[in-house]
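Below: the structure, in structure tokens.
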Number of protein chains: 2
Amino acid sequence: MLSSEIQTALTPMNLKTLAEKLNLSQTTVSRALNGYPEVSEATRQRVEEAARRFNYHPNSRAKGLATGRARVIGHVIPSSTQHEMVNPIFGDFVAGASEACAQAGYDMIFSRVADGDEAQAYRALISRGSVDGIILQGPRVNETRIPILNEIGIPFIVHGRASGISQPYGWVDVNNKRSFQRATRFLTDLGHRRIALINGLETMDFAHRRRDGYLSALREAGIDPDPALMRSAEMTEIYGHRETRDMLRMDDPPTAILAASMISAIGVRRAIEEAGLVMGRDVSVITHDDDLSYLRNGGDVPIFTATRSSVRRAGGILAEMLIDRIENPAPEPNRLMLEAELVVGRSTGPAKTGH
Amino acid sequence: MLSSEIQTALTPMNLKTLAEKLNLSQTTVSRALNGYPEVSEATRQRVEEAARRFNYHPNSRAKGLATGRARVIGHVIPSSTQHEMVNPIFGDFVAGASEACAQAGYDMIFSRVADGDEAQAYRALISRGSVDGIILQGPRVNETRIPILNEIGIPFIVHGRASGISQPYGWVDVNNKRSFQRATRFLTDLGHRRIALINGLETMDFAHRRRDGYLSALREAGIDPDPALMRSAEMTEIYGHRETRDMLRMDDPPTAILAASMISAIGVRRAIEEAGLVMGRDVSVITHDDDLSYLRNGGDVPIFTATRSSVRRAGGILAEMLIDRIENPAPEPNRLMLEAELVVGRSTGPAKTGH
DNA sequence: CGCGCTTTTCAAAGCGCTTTGAGTGACAGC
DNA sequence: GCTGTCACTCAAAGCGCTTTGAAAAGCGCG
């Protein structure tokens, strides 16, 4: 009696034992489970029933080895010794992407890489056969990783775009230029002329484009951009607070501020309040809002006037597009431009005429 | 000449071709690369040199199949139809964990799972051989996943603990009870008697323990807990704002508030300011601070008085402990209790005597 | 009954690696 | 000169799956 127990404990539940239990060959069982037409409906039923009953799951490594496909998409996280910051939108992006992946039966793998080693890391990831495709996050202006991935020849898709890169690549991006142009125009229409931009790091492509939008709206309105009103750094709360505080102490302070994220906008608000001013009355604020689930922009009435675009949704779309590309290779990379909506909240108002 | 090019393009760089190029057997090459002593130093040098030159990386699936180890640790993300929220600490946690993983040569895989299907998901993940170990996030009181994982018998470690579970399991946790007890005591020592708790979801174990700490400090101070001052929900900004606003409208409003996260504390601050009050003077606030990289609690002087514990560090420790467990199986699961530090910022002050 | 034809099943090869058990020289000891 | 040891190296089996090429079974037909 003990021997039978040991038997069950030691016998792995793999294709071979399942086939033996069914008195069928591995071939037939495999085909039955993978929906091939060569197997009769009755047999298929029987096999599926047994697979469920014995809790059989094909070993993904063996499957991958045999098929050459891993059913995994990879993210490479640069360890960024320079910028210790973890992107706050990461969680929501991943949530969206993982939803789409789960739908298609894919997993996601995260690989951390020392800065500068990225080329090697990609090569290794692919050459090791760990992933079928890659999502490239946070492209910079003239992003070097794009040529690398193109050269390697693995399916990939970029979250954002990279100015200065001429070769083709697939991407999903928010129309950052247009949305910041609209936001800036919204402020000039309200009569503001001293408009500050508290941007993200301008080596990042998205920030670069936002600045473009900001500048072109100023130009439209006949306003000379003031370098003293343009700040650029990683979008933390502290940063939003510090820059706002400093600018509000200027002789000719801004009457309106554009912030690059909800997080830094919170810092902006804090500085405004510490200065004894009222947001929306004394200083107008518009922020970009990634529609993070833990940081919704207010309930019925948005707190901030904002350019809104769900990064979670973007994650889902990206993953879907990448998987589609993996499964149906096409010569033309596909692209998708998302438009941010401008939601009007309580943080903006007409410029004070006196000023 | 074309044929040779085609040759290089079509020949995969695997152990076999590498061995052929070196005029050695696959065995020797494999051993050389994996540091076995049976191979001469001269040969090893030659092999390593060639591996580098030809950009050879062993196929991880084949390696895993042969060794039975995936060198991957898994996270299962419940898709939580109920709580759509993506935990804002996710990003920092993952950053910490992935650092430790990278160090040890492990990757991390994320699998999204429908709520309730978790048992099946774990079983599948393991039975498919995709992971060597699992990190269990966000344990609830009486967490059902722990018995499941114990029964399956895969190495796992819990981020947090689960009250009500008697069987042994490994964990890393912050001493939530003690830290909230200290925080509450700090407030009672300042003379506060109307202290509100804006807690996380109390089905979550960490929130349950924090409430315990809060209650026992009140008891120490001879204060009867007022159910009207105890709120529990997911820790969003909106939630912190709404509950604070409502409580400040009470006939006998709180003079101090304990918040469960920086995010909800930001909402608390917003509500206080909207009510025309000053944080730290009219209403004291203490929050738990996970030391998120994008949401640091102030520069030199912390904005909030807070119980601080880096979730990024916790992620690193967890991953390390799990990997250690995978590589050196031990009967006793290991545990680690982290103590949060109480940092005193500008959000707390003595209770107004007049009230 | 043997012949094609389709339907259903199978044995075996192969994916890229590790690992076992064996084999080769070289060299010392008897 | 034969055996035992040591230092290297190798061919082949096996991990769990898919897939190819072939064979068996079922069936109607002359």
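Just remember, in the structure tokens the first chain shown is A, the second B, etc., residues are 1-based per chain, and ligands are 1-based in the order shown.
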
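Close contacts of DC30 of chain C, defined as residues with an atom at most 12 Å away when counting only C-alpha atoms (C1' of nucleotides), with chain neighbours fewer than 4 positions off set aside, comprise D:DG1, D:DC2, D:DT3, D:DG4.
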
Report as CSV the residues of chain A within 6 Å of chain D, each with its shortest atom pair and distance in Å (one decimal), using only C-alpha atoms (C1' of nucleotides), ordered by chain and increasing residue number.
```
residue,atom,partner,partner_atom,distance
A:Ala62,CA,D:DC17,C1',4.8
A:Lys63,CA,D:DC17,C1',4.8
A:Ala66,CA,D:DT18,C1',5.5
```

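Here atom CA of Leu318 of chain A is placed at a distance of 18.1 Å from atom CA of Ile109 of chain B.
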
**OP:** Compute the set of chain B residues within 9 Å of chain C, using only C-alpha atoms (C1' of nucleotides), and express it as a PyMOL selection string.
**Re:** chain B and resi 14-16+27+30-31+58-67

Suppose we keep all heavy atoms; can you now write the selection as a tab-separated table (two decimals), in the first residue's frame?
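Output file part.tsv is given in full below:
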```
chain	number	residue	atom	x	y	z
B	14	ASN	N	24.25	27.86	-31.02
B	14	ASN	CA	23.94	27.04	-29.85
B	14	ASN	C	25.17	26.23	-29.43
B	14	ASN	O	26.24	26.36	-30.02
B	14	ASN	CB	22.75	26.12	-30.14
B	14	ASN	CG	22.97	25.31	-31.41
B	14	ASN	OD1	24.10	25.10	-31.83
B	14	ASN	ND2	21.90	24.86	-32.00
B	15	LEU	N	24.97	25.45	-28.43
B	15	LEU	CA	26.09	24.71	-27.86
B	15	LEU	C	26.78	23.87	-28.93
B	15	LEU	O	28.00	23.79	-29.00
B	15	LEU	CB	25.58	23.80	-26.74
B	15	LEU	CG	26.66	23.16	-25.89
B	15	LEU	CD1	27.51	24.22	-25.22
B	15	LEU	CD2	26.04	22.25	-24.85
B	16	LYS	N	25.96	23.26	-29.76
B	16	LYS	CA	26.51	22.37	-30.77
B	16	LYS	C	27.45	23.11	-31.73
B	16	LYS	O	28.59	22.68	-31.94
B	16	LYS	CB	25.35	21.76	-31.56
B	16	LYS	CG	25.76	20.60	-32.43
B	16	LYS	CD	24.53	19.97	-33.06
B	16	LYS	CE	24.91	19.07	-34.23
B	16	LYS	NZ	23.75	18.78	-35.07
B	27	THR	N	29.89	18.39	-24.29
B	27	THR	CA	30.11	18.17	-22.86
B	27	THR	C	31.17	19.12	-22.33
B	27	THR	O	30.96	19.82	-21.34
B	27	THR	CB	30.60	16.74	-22.62
B	27	THR	OG1	29.74	15.85	-23.31
B	27	THR	CG2	30.62	16.42	-21.15
B	30	SER	N	30.09	22.76	-22.35
B	30	SER	CA	29.11	23.02	-21.30
B	30	SER	C	29.81	23.10	-19.94
B	30	SER	O	29.58	24.01	-19.16
B	30	SER	CB	28.07	21.90	-21.30
B	30	SER	OG	27.27	21.98	-20.14
B	31	ARG	N	30.67	22.15	-19.70
B	31	ARG	CA	31.36	22.13	-18.41
B	31	ARG	C	32.26	23.33	-18.23
B	31	ARG	O	32.34	23.91	-17.15
B	31	ARG	CB	32.18	20.86	-18.30
B	31	ARG	CG	31.31	19.69	-18.01
B	31	ARG	CD	32.12	18.48	-17.64
B	31	ARG	NE	31.28	17.47	-17.05
B	31	ARG	CZ	31.51	16.16	-17.14
B	31	ARG	NH1	32.55	15.74	-17.82
B	31	ARG	NH2	30.70	15.31	-16.56
B	58	PRO	N	23.37	30.37	-23.55
B	58	PRO	CA	22.62	29.10	-23.51
B	58	PRO	C	21.12	29.36	-23.51
B	58	PRO	O	20.65	30.30	-22.88
B	58	PRO	CB	23.07	28.46	-22.20
B	58	PRO	CG	23.68	29.55	-21.40
B	58	PRO	CD	24.20	30.55	-22.38
B	59	ASN	N	20.41	28.56	-24.23
B	59	ASN	CA	18.95	28.68	-24.27
B	59	ASN	C	18.37	28.33	-22.92
B	59	ASN	O	18.56	27.23	-22.41
B	59	ASN	CB	18.43	27.75	-25.36
B	59	ASN	CG	16.92	27.81	-25.46
B	59	ASN	OD1	16.22	27.52	-24.51
B	59	ASN	ND2	16.43	28.19	-26.62
B	60	SER	N	17.66	29.29	-22.35
B	60	SER	CA	17.22	29.08	-20.98
B	60	SER	C	16.17	27.99	-20.86
B	60	SER	O	16.07	27.32	-19.84
B	60	SER	CB	16.70	30.39	-20.39
B	60	SER	OG	15.63	30.88	-21.17
B	61	ARG	N	15.38	27.81	-21.91
B	61	ARG	CA	14.36	26.77	-21.82
B	61	ARG	C	14.99	25.38	-21.84
B	61	ARG	O	14.63	24.49	-21.09
B	61	ARG	CB	13.38	26.89	-22.98
B	61	ARG	CG	12.22	27.77	-22.62
B	61	ARG	CD	11.42	28.08	-23.83
B	61	ARG	NE	12.22	28.88	-24.73
B	61	ARG	CZ	12.03	28.99	-26.02
B	61	ARG	NH1	11.07	28.35	-26.58
B	61	ARG	NH2	12.79	29.75	-26.76
B	62	ALA	N	15.97	25.24	-22.73
B	62	ALA	CA	16.65	23.95	-22.80
B	62	ALA	C	17.38	23.68	-21.50
B	62	ALA	O	17.34	22.58	-20.96
B	62	ALA	CB	17.62	23.95	-23.96
B	63	LYS	N	18.02	24.72	-21.01
B	63	LYS	CA	18.75	24.58	-19.76
B	63	LYS	C	17.78	24.20	-18.63
B	63	LYS	O	18.06	23.29	-17.83
B	63	LYS	CB	19.42	25.91	-19.43
B	63	LYS	CG	20.47	25.83	-18.37
B	63	LYS	CD	21.35	27.08	-18.42
B	63	LYS	CE	22.48	26.98	-17.41
B	63	LYS	NZ	23.59	27.88	-17.74
B	64	GLY	N	16.68	24.89	-18.61
B	64	GLY	CA	15.69	24.61	-17.58
B	64	GLY	C	15.15	23.19	-17.70
B	64	GLY	O	14.96	22.49	-16.71
B	65	LEU	N	14.93	22.78	-18.92
B	65	LEU	CA	14.40	21.44	-19.14
B	65	LEU	C	15.39	20.40	-18.64
B	65	LEU	O	15.02	19.42	-17.99
B	65	LEU	CB	14.14	21.25	-20.64
B	65	LEU	CG	13.35	20.02	-21.05
B	65	LEU	CD1	12.03	19.97	-20.30
B	65	LEU	CD2	13.10	20.03	-22.54
B	66	ALA	N	16.64	20.65	-18.92
B	66	ALA	CA	17.66	19.69	-18.52
B	66	ALA	C	17.91	19.70	-17.02
B	66	ALA	O	18.14	18.65	-16.42
B	66	ALA	CB	18.96	19.97	-19.27
B	67	THR	N	17.88	20.86	-16.43
B	67	THR	CA	18.21	20.94	-15.01
B	67	THR	C	16.98	20.84	-14.11
B	67	THR	O	17.11	20.58	-12.92
B	67	THR	CB	18.89	22.29	-14.67
B	67	THR	OG1	18.02	23.34	-15.07
B	67	THR	CG2	20.21	22.42	-15.36
```

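Among the residues of segment 104-180 of chain A, backbone DSSP assigns strand (DSSP E) to Asp107, Met108, Ile109, Phe110, Ser111, Arg112, Val113, Gly133, Ile134, Ile135, Leu136, Phe156, Ile157, Val158, His159, Trp171, Val172, Asp173 and Val174 of chain A.
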
Determine, for each residue of chain B having at least one atom at most 6 Å from an atom of chain A, the closest pair of atoms and their separation in Å to one decimal, counting only C-alpha atoms; order by chain and ascending number, as a tab-separated table.
```
residue	atom	partner	partner_atom	distance
B:His57	CA	A:Arg128	CA	5.5
B:Pro58	CA	A:Arg128	CA	5.6
B:Asn59	CA	A:Arg128	CA	4.0
B:Ser60	CA	A:Arg128	CA	5.2
B:Arg61	CA	A:Arg61	CA	5.0
B:Met85	CA	A:Ser293	CA	5.2
B:Phe90	CA	A:Gly91	CA	5.8
B:Gly91	CA	A:Gly91	CA	5.5
B:Ala102	CA	A:Arg112	CA	6.0
B:Asp107	CA	A:Ser111	CA	5.8
B:Met108	CA	A:Phe110	CA	5.3
B:Ile109	CA	A:Ile109	CA	4.4
B:Phe110	CA	A:Met108	CA	5.3
B:Ser111	CA	A:Asp107	CA	5.7
B:Arg112	CA	A:Ala102	CA	5.9
B:Ser127	CA	A:His57	CA	5.9
B:Arg128	CA	A:Asn59	CA	4.0
B:Gly129	CA	A:Asn59	CA	5.6
B:Thr236	CA	A:Tyr294	CA	4.7
B:Glu237	CA	A:Leu295	CA	5.6
B:Ser293	CA	A:Met85	CA	5.0
B:Tyr294	CA	A:Thr236	CA	4.7
B:Leu295	CA	A:Glu237	CA	5.7
```

Subject >> Neighbour list for Ser232 of chain B as a count of residues only, cut-off 10 Å, only C-alpha atoms (C1' of nucleotides), skip fewer than 2 positions in-chain >> reply: 17
